[in-house]
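The data block below is protein.cif; it holds mmCIF, C-alpha atoms.
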data_entry
loop_
_atom_site.label_atom_id
_atom_site.label_comp_id
_atom_site.auth_asym_id
_atom_site.auth_seq_id
_atom_site.Cartn_x
_atom_site.Cartn_y
_atom_site.Cartn_z
CA MET D 37 -5.47 11.83 6.56
CA HIS D 38 -3.04 11.56 3.69
CA ILE D 39 -2.48 8.08 2.19
CA GLU D 40 0.71 6.92 0.56
CA ILE D 41 1.06 3.63 -1.30
CA TRP D 42 4.71 2.59 -1.09
CA SER D 43 5.88 -0.14 -3.42
CA LEU D 44 9.32 -1.60 -3.94
CA GLY D 45 10.23 -2.42 -7.51
CA LYS D 46 10.26 -1.06 -11.00
CA GLU D 47 8.10 1.65 -12.51
CA ASN D 48 4.65 0.73 -13.80
CA ASP D 49 3.86 -0.36 -17.31
CA PRO D 50 1.73 2.26 -19.12
CA PHE D 51 -1.55 0.33 -18.83
CA ILE D 52 -1.06 0.00 -15.06
CA ASN D 53 -0.23 3.72 -14.79
CA ASP D 54 -3.45 4.52 -16.63
CA GLY D 55 -5.50 2.40 -14.23
CA ILE D 56 -3.87 3.86 -11.13
CA ALA D 57 -4.29 7.41 -12.46
CA TYR D 58 -7.97 6.67 -13.11
CA TYR D 59 -8.60 5.66 -9.49
CA LEU D 60 -6.42 8.35 -7.94
CA LYS D 61 -8.43 10.94 -9.89
CA LYS D 62 -11.67 9.42 -8.57
CA ILE D 63 -10.31 9.43 -4.99
CA LYS D 64 -9.24 13.10 -5.17
CA PRO D 65 -12.60 14.59 -4.05
CA TYR D 66 -12.48 12.41 -0.92
CA ASN D 67 -8.85 12.16 0.07
CA SER D 68 -5.26 12.71 -1.01
CA VAL D 69 -3.34 9.63 -2.12
CA ASP D 70 0.15 9.32 -3.58
CA LEU D 71 1.93 6.36 -5.12
CA VAL D 72 5.60 6.18 -4.14
CA ILE D 73 7.71 3.65 -6.00
CA ILE D 74 10.90 2.79 -4.18
CA GLN D 75 13.45 1.47 -6.63
CA PRO D 76 16.32 -0.46 -5.08
CA SER D 77 19.72 0.41 -6.50
CA LYS D 78 20.85 -1.88 -9.29
CA LYS D 79 24.28 -2.08 -7.70
CA PHE D 80 22.62 -4.00 -4.85
CA ALA D 81 20.93 -6.49 -7.19
CA THR D 82 21.78 -9.92 -5.85
CA THR D 83 20.40 -13.40 -5.49
CA ASP D 84 21.11 -13.20 -1.75
CA ILE D 85 17.59 -12.84 -0.36
CA GLU D 86 18.64 -11.56 3.07
CA ARG D 87 20.98 -8.96 1.56
CA THR D 88 18.20 -7.80 -0.77
CA LYS D 89 15.74 -7.49 2.12
CA GLN D 90 18.36 -5.61 4.16
CA HIS D 91 18.90 -3.09 1.34
CA GLU D 92 15.14 -2.64 0.93
CA GLU D 93 14.80 -2.20 4.71
CA GLU D 94 17.31 0.66 4.61
CA LEU D 95 15.36 2.37 1.81
CA ILE D 96 12.06 2.02 3.69
CA LEU D 97 13.47 3.20 7.02
CA LYS D 98 14.92 6.32 5.34
CA LYS D 99 11.40 7.29 4.24
CA LEU D 100 9.47 6.20 7.34
CA GLN D 101 8.64 9.11 9.65
CA PRO D 102 7.31 9.06 13.24
CA ASN D 103 3.93 10.43 12.09
CA HIS D 104 3.47 7.58 9.57
CA TYR D 105 1.04 4.80 10.39
CA LEU D 106 2.50 1.81 8.55
CA ILE D 107 0.33 -1.02 7.27
CA LEU D 108 2.22 -3.84 5.63
CA LEU D 109 0.52 -5.68 2.79
CA ASP D 110 1.54 -9.31 2.96
CA GLU D 111 -0.07 -12.56 1.83
CA LYS D 112 0.08 -13.81 5.46
CA GLY D 113 -1.70 -10.75 6.84
CA LYS D 114 -5.30 -10.31 7.95
CA GLN D 115 -7.79 -10.45 5.10
CA LEU D 116 -10.33 -7.65 5.19
CA ASN D 117 -13.32 -7.14 2.96
CA SER D 118 -14.06 -3.76 1.38
CA ILE D 119 -16.41 -2.68 4.18
CA GLN D 120 -13.69 -3.47 6.72
CA TRP D 121 -11.14 -1.44 4.70
CA SER D 122 -13.49 1.54 4.86
CA GLN D 123 -14.03 1.02 8.60
CA GLN D 124 -10.27 0.86 9.18
CA PHE D 125 -9.77 4.11 7.24
CA GLN D 126 -12.53 5.80 9.24
CA GLN D 127 -11.04 4.58 12.51
CA LEU D 128 -7.57 5.87 11.55
CA MET D 129 -9.02 9.24 10.54
CA ASN D 130 -10.93 9.42 13.84
CA GLN D 131 -7.68 8.70 15.71
CA GLY D 132 -6.05 11.65 13.96
CA THR D 133 -3.64 9.67 11.80
CA LYS D 134 -1.71 12.17 9.68
CA THR D 135 -0.20 9.84 7.07
CA LEU D 136 -1.23 6.27 6.39
CA VAL D 137 1.41 4.26 4.52
CA LEU D 138 0.34 1.07 2.75
CA LEU D 139 3.56 -0.82 2.04
CA ILE D 140 3.93 -3.41 -0.71
CA GLY D 141 7.18 -5.18 0.16
CA GLY D 142 9.80 -6.50 -2.19
CA ALA D 143 9.74 -9.74 -4.15
CA TYR D 144 11.02 -11.63 -1.10
CA GLY D 145 8.85 -9.86 1.44
CA VAL D 146 10.21 -7.52 4.09
CA SER D 147 12.72 -7.83 6.89
CA ASP D 148 11.67 -8.60 10.46
CA THR D 149 12.56 -5.02 11.38
CA ILE D 150 10.02 -3.64 8.90
CA ARG D 151 7.46 -6.26 9.92
CA LYS D 152 7.82 -5.07 13.55
CA GLN D 153 7.48 -1.40 12.50
CA ALA D 154 4.09 -2.12 10.92
CA LYS D 155 1.10 -1.30 13.09
CA GLN D 156 -1.02 -3.78 11.11
CA THR D 157 -0.50 -6.39 8.41
CA TRP D 158 -3.20 -6.88 5.80
CA SER D 159 -3.56 -9.37 2.98
CA LEU D 160 -5.36 -8.73 -0.28
CA SER D 161 -5.63 -12.45 -0.97
CA SER D 162 -3.88 -15.74 -0.34
CA LEU D 163 -2.96 -15.53 -4.03
CA VAL D 164 0.31 -13.89 -5.02
CA PHE D 165 0.07 -10.96 -7.45
CA PRO D 166 2.72 -8.98 -9.31
CA HIS D 167 3.60 -5.69 -7.62
CA GLN D 168 2.24 -3.54 -10.41
CA LEU D 169 -1.14 -5.22 -10.25
CA VAL D 170 -1.23 -4.87 -6.45
CA ARG D 171 -0.67 -1.11 -6.83
CA LEU D 172 -3.71 -0.94 -9.09
CA ILE D 173 -5.84 -3.13 -6.81
CA ILE D 174 -4.95 -0.98 -3.80
CA ALA D 175 -5.83 2.22 -5.66
CA GLU D 176 -9.22 0.72 -6.53
CA GLN D 177 -9.81 -0.49 -2.97
CA ILE D 178 -8.98 2.92 -1.53
CA TYR D 179 -11.48 4.47 -3.92
CA ARG D 180 -14.04 1.80 -2.98
CA ALA D 181 -13.47 2.42 0.75
CA PHE D 182 -14.01 6.16 0.40
CA SER D 183 -17.05 5.63 -1.80
CA ILE D 184 -18.49 3.42 0.97
CA LEU D 185 -17.73 6.05 3.61
CA ASN D 186 -19.39 8.72 1.47
CA ASN D 187 -22.44 6.64 0.51
CA SER D 188 -21.52 6.63 -3.16
CA PRO D 189 -23.36 4.05 -5.29
CA TYR D 190 -20.03 2.51 -6.49
CA HIS D 191 -19.96 -0.36 -3.97
CA HIS D 192 -22.77 -2.90 -3.90
CA SER D 193 -23.12 -4.99 -0.74
#

Turn the structure described in the file into structure tokens.
Amino acid sequence: MHIEIWSLGKENDPFINDGIAYYLKKIKPYNSVDLVIIQPSKKFATTDIERTKQHEEELILKKLQPNHYLILLDEKGKQLNSIQWSQQFQQLMNQGTKTLVLLIGGAYGVSDTIRKQAKQTWSLSSLVFPHQLVRLIIAEQIYRAFSILNNSPYHHS
């Protein structure tokens, strides 16, 4: 199963890139993971929240393929612990999922259309984090999940 982390917004600051690269390198022996940053066009920059979400929806739907299993990351989603993340990954692999997409929505969330496209909605926390930090946290959690599945000593229960 290939994993893609999709995130709307600007490119990462160098220290975030370094952290993500660190975890993606550690994940490589277990699984393939890519970070895909979806940058909305500046010509669509607006204070109109619904228009912004609509533009972001169009960008997401252009990338979303029928073989993608979309999980939306949203503060109102289901909170899973690290063991549950690993169990979810194992279950998706067992089901033959080709590409798992973990979507970090825009600053205003995602449209109802995208929300309905998601097969699951997960929350990292009831706290709100900046997108760049969420990218790093997700990279670490993916590494943690695969280390759990492979009995690596990284995770301590």

>> Just to confirm, what's the straight-line distance from atom CA of Val170 of chain D to atom CA of Ser43 of chain D in Å (one decimal)?
In response: 9.1 Å

> Hey, can you check how far atom CA of Ser77 of chain D sits from atom CA of His91 of chain D?
Replying inline: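 If I compute the distance from atom CA of Ser77 of chain D to atom CA of His91 of chain D, I get 8.6 Å.
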
> Nearest to Gly145 of chain D among D:His38, D:Lys98, D:Lys61, D:Lys112, with distances taken over all atoms listed in the file: which residue is it?
Replying inline: D:Lys112

> Which residue, D:Gln153, D:Tyr66, D:Leu116, D:Glu111, has the smallest gap to Asn187 of chain D when you use all atoms listed in the file?
Replying inline: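 When distances to Asn187 of chain D are compared using all atoms listed in the file, the smallest one comes from D:Tyr66.
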
>> Calculated over all atoms listed in the file, which of the candidates D:Ile174, D:Leu169, D:Leu44, D:Ile119 has the smallest distance to Val72 of chain D?
In response: D:Leu44

> Excluding same-chain residues fewer than 6 positions from Glu86 of chain D, what lies within 10 Å of it counting all atoms listed in the file, as JSON, numbers by chain?
Replying inline: {"D": [92, 144, 146, 147]}

>> Running the PyMOL selection byres ((chain D and resi 101) around 12) on this model by hand, what would come out? Give it as a ChimeraX atom specification.
In response: /D:96-100,102-106,134-137,153

Selection file, C-alpha atoms, as a PDB file, in the frame of the given file:
ATOM      1  CA  ILE D  96      12.060   2.020   3.690  1.00  0.00           C
ATOM      2  CA  LEU D  97      13.470   3.200   7.020  1.00  0.00           C
ATOM      3  CA  LYS D  98      14.920   6.320   5.340  1.00  0.00           C
ATOM      4  CA  LYS D  99      11.400   7.290   4.240  1.00  0.00           C
ATOM      5  CA  LEU D 100       9.470   6.200   7.340  1.00  0.00           C
ATOM      6  CA  PRO D 102       7.310   9.060  13.240  1.00  0.00           C
ATOM      7  CA  ASN D 103       3.930  10.430  12.090  1.00  0.00           C
ATOM      8  CA  HIS D 104       3.470   7.580   9.570  1.00  0.00           C
ATOM      9  CA  TYR D 105       1.040   4.800  10.390  1.00  0.00           C
ATOM     10  CA  LEU D 106       2.500   1.810   8.550  1.00  0.00           C
ATOM     11  CA  LYS D 134      -1.710  12.170   9.680  1.00  0.00           C
ATOM     12  CA  THR D 135      -0.200   9.840   7.070  1.00  0.00           C
ATOM     13  CA  LEU D 136      -1.230   6.270   6.390  1.00  0.00           C
ATOM     14  CA  VAL D 137       1.410   4.260   4.520  1.00  0.00           C
ATOM     15  CA  GLN D 153       7.480  -1.400  12.500  1.00  0.00           C
TER      16      GLN D 153
END

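Every protein, DNA or RNA residue with an atom at most 9 Å from Ser68 of chain D, where all atoms listed in the file count and chain neighbours fewer than 5 positions away do not, is listed here: D:Met37, D:His38, D:Ile39, D:Glu40, D:Leu60, D:Ile63.
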
> Between D:Leu108, D:Leu172, D:Leu185, D:Ala57, which is the closest to Gln127 of chain D once you count all atoms listed in the file?
Replying inline: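 With all atoms listed in the file as the atom set, the closest residue is D:Leu185.
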
> How many Å lie between atom CA of Pro76 of chain D and atom CA of Ile41 of chain D, rounded to one decimal?
Replying inline: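 Between atom CA of Pro76 of chain D and atom CA of Ile41 of chain D the gap works out to 16.2 Å.
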
>> Could you check the closest approach to Leu160 of chain D for each of D:Thr133, D:Thr83, D:Asn117, D:Ser188 and tell me which residue wins, using only C-alpha atoms?
In response: D:Asn117

> Using only C-alpha atoms, which residue out of D:Glu93, D:Ala154, D:Phe182, D:Ser159 lies closest to Leu109 of chain D?
Replying inline: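 For Leu109 of chain D, the nearest of the candidates is D:Ser159.
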
> Where does the PyMOL selection byres ((chain D and resi 123) around 12) land in this file, that is, which residues does it pick, as a list in words?
Replying inline: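 Checked against the file, the PyMOL selection byres ((chain D and resi 123) around 12) matches Leu116, Asn117, Ser118, Ile119, Gln120, Trp121, Ser122, Gln124, Phe125, Gln126, Gln127, Leu128, Met129, Asn130, Ile178, Arg180, Ala181, Phe182, Ser183, Ile184, Leu185 and Asn186 of chain D.
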
Final all heavy atoms of segment 137-148 of chain D as a PDB file, in the coordinates of the input:
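Output (result-v5.pdb):
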ATOM      1  N   VAL D 137       0.554   4.848   5.538  1.00  0.00           N
ATOM      2  CA  VAL D 137       1.410   4.260   4.520  1.00  0.00           C
ATOM      3  C   VAL D 137       1.009   2.802   4.344  1.00  0.00           C
ATOM      4  O   VAL D 137       1.027   2.024   5.299  1.00  0.00           O
ATOM      5  CB  VAL D 137       2.907   4.341   4.927  1.00  0.00           C
ATOM      6  CG1 VAL D 137       3.773   3.597   3.917  1.00  0.00           C
ATOM      7  CG2 VAL D 137       3.350   5.785   5.051  1.00  0.00           C
ATOM      8  N   LEU D 138       0.622   2.463   3.121  1.00  0.00           N
ATOM      9  CA  LEU D 138       0.340   1.070   2.750  1.00  0.00           C
ATOM     10  C   LEU D 138       1.562   0.572   1.999  1.00  0.00           C
ATOM     11  O   LEU D 138       1.844   1.036   0.901  1.00  0.00           O
ATOM     12  CB  LEU D 138      -0.916   0.997   1.877  1.00  0.00           C
ATOM     13  CG  LEU D 138      -2.209   1.483   2.535  1.00  0.00           C
ATOM     14  CD1 LEU D 138      -3.307   1.640   1.502  1.00  0.00           C
ATOM     15  CD2 LEU D 138      -2.637   0.529   3.633  1.00  0.00           C
ATOM     16  N   LEU D 139       2.292  -0.355   2.598  1.00  0.00           N
ATOM     17  CA  LEU D 139       3.560  -0.820   2.040  1.00  0.00           C
ATOM     18  C   LEU D 139       3.427  -2.160   1.336  1.00  0.00           C
ATOM     19  O   LEU D 139       2.982  -3.136   1.933  1.00  0.00           O
ATOM     20  CB  LEU D 139       4.610  -0.945   3.153  1.00  0.00           C
ATOM     21  CG  LEU D 139       5.952  -1.561   2.750  1.00  0.00           C
ATOM     22  CD1 LEU D 139       6.680  -0.698   1.723  1.00  0.00           C
ATOM     23  CD2 LEU D 139       6.819  -1.800   3.984  1.00  0.00           C
ATOM     24  N   ILE D 140       3.818  -2.167   0.066  1.00  0.00           N
ATOM     25  CA  ILE D 140       3.930  -3.410  -0.710  1.00  0.00           C
ATOM     26  C   ILE D 140       5.416  -3.747  -0.683  1.00  0.00           C
ATOM     27  O   ILE D 140       6.235  -3.029  -1.254  1.00  0.00           O
ATOM     28  CB  ILE D 140       3.475  -3.207  -2.169  1.00  0.00           C
ATOM     29  CG1 ILE D 140       2.061  -2.639  -2.224  1.00  0.00           C
ATOM     30  CG2 ILE D 140       3.593  -4.510  -2.957  1.00  0.00           C
ATOM     31  CD1 ILE D 140       1.686  -2.052  -3.581  1.00  0.00           C
ATOM     32  N   GLY D 141       5.771  -4.810  -0.007  1.00  0.00           N
ATOM     33  CA  GLY D 141       7.180  -5.180   0.160  1.00  0.00           C
ATOM     34  C   GLY D 141       7.808  -5.647  -1.135  1.00  0.00           C
ATOM     35  O   GLY D 141       7.179  -5.694  -2.188  1.00  0.00           O
ATOM     36  N   GLY D 142       9.060  -6.020  -1.027  1.00  0.00           N
ATOM     37  CA  GLY D 142       9.800  -6.500  -2.190  1.00  0.00           C
ATOM     38  C   GLY D 142       9.400  -7.905  -2.586  1.00  0.00           C
ATOM     39  O   GLY D 142       8.527  -8.524  -1.971  1.00  0.00           O
ATOM     40  N   ALA D 143      10.054  -8.414  -3.614  1.00  0.00           N
ATOM     41  CA  ALA D 143       9.740  -9.740  -4.150  1.00  0.00           C
ATOM     42  C   ALA D 143       9.890 -10.847  -3.113  1.00  0.00           C
ATOM     43  O   ALA D 143       9.211 -11.870  -3.177  1.00  0.00           O
ATOM     44  CB  ALA D 143      10.618 -10.030  -5.367  1.00  0.00           C
ATOM     45  N   TYR D 144      10.775 -10.624  -2.130  1.00  0.00           N
ATOM     46  CA  TYR D 144      11.020 -11.630  -1.100  1.00  0.00           C
ATOM     47  C   TYR D 144      10.365 -11.272   0.231  1.00  0.00           C
ATOM     48  O   TYR D 144      10.689 -11.833   1.265  1.00  0.00           O
ATOM     49  CB  TYR D 144      12.526 -11.816  -0.893  1.00  0.00           C
ATOM     50  CG  TYR D 144      13.249 -12.194  -2.161  1.00  0.00           C
ATOM     51  CD1 TYR D 144      14.131 -11.308  -2.765  1.00  0.00           C
ATOM     52  CD2 TYR D 144      13.029 -13.424  -2.779  1.00  0.00           C
ATOM     53  CE1 TYR D 144      14.798 -11.647  -3.932  1.00  0.00           C
ATOM     54  CE2 TYR D 144      13.687 -13.769  -3.952  1.00  0.00           C
ATOM     55  CZ  TYR D 144      14.570 -12.875  -4.520  1.00  0.00           C
ATOM     56  OH  TYR D 144      15.212 -13.210  -5.676  1.00  0.00           O
ATOM     57  N   GLY D 145       9.469 -10.307   0.202  1.00  0.00           N
ATOM     58  CA  GLY D 145       8.850  -9.860   1.440  1.00  0.00           C
ATOM     59  C   GLY D 145       9.674  -8.759   2.071  1.00  0.00           C
ATOM     60  O   GLY D 145      10.475  -8.109   1.406  1.00  0.00           O
ATOM     61  N   VAL D 146       9.479  -8.556   3.371  1.00  0.00           N
ATOM     62  CA  VAL D 146      10.210  -7.520   4.090  1.00  0.00           C
ATOM     63  C   VAL D 146      10.987  -8.134   5.249  1.00  0.00           C
ATOM     64  O   VAL D 146      10.697  -9.252   5.676  1.00  0.00           O
ATOM     65  CB  VAL D 146       9.269  -6.407   4.631  1.00  0.00           C
ATOM     66  CG1 VAL D 146       8.578  -5.666   3.496  1.00  0.00           C
ATOM     67  CG2 VAL D 146       8.263  -6.963   5.611  1.00  0.00           C
ATOM     68  N   SER D 147      11.918  -7.371   5.761  1.00  0.00           N
ATOM     69  CA  SER D 147      12.720  -7.830   6.890  1.00  0.00           C
ATOM     70  C   SER D 147      11.866  -7.865   8.162  1.00  0.00           C
ATOM     71  O   SER D 147      10.795  -7.249   8.236  1.00  0.00           O
ATOM     72  CB  SER D 147      13.905  -6.884   7.098  1.00  0.00           C
ATOM     73  OG  SER D 147      13.434  -5.621   7.547  1.00  0.00           O
ATOM     74  N   ASP D 148      12.364  -8.559   9.167  1.00  0.00           N
ATOM     75  CA  ASP D 148      11.670  -8.600  10.460  1.00  0.00           C
ATOM     76  C   ASP D 148      11.571  -7.215  11.077  1.00  0.00           C
ATOM     77  O   ASP D 148      10.581  -6.893  11.728  1.00  0.00           O
ATOM     78  CB  ASP D 148      12.386  -9.553  11.416  1.00  0.00           C
ATOM     79  CG  ASP D 148      12.200 -11.019  11.032  1.00  0.00           C
ATOM     80  OD1 ASP D 148      11.243 -11.336  10.305  1.00  0.00           O
ATOM     81  OD2 ASP D 148      13.029 -11.853  11.461  1.00  0.00           O
TER      82      ASP D 148
END
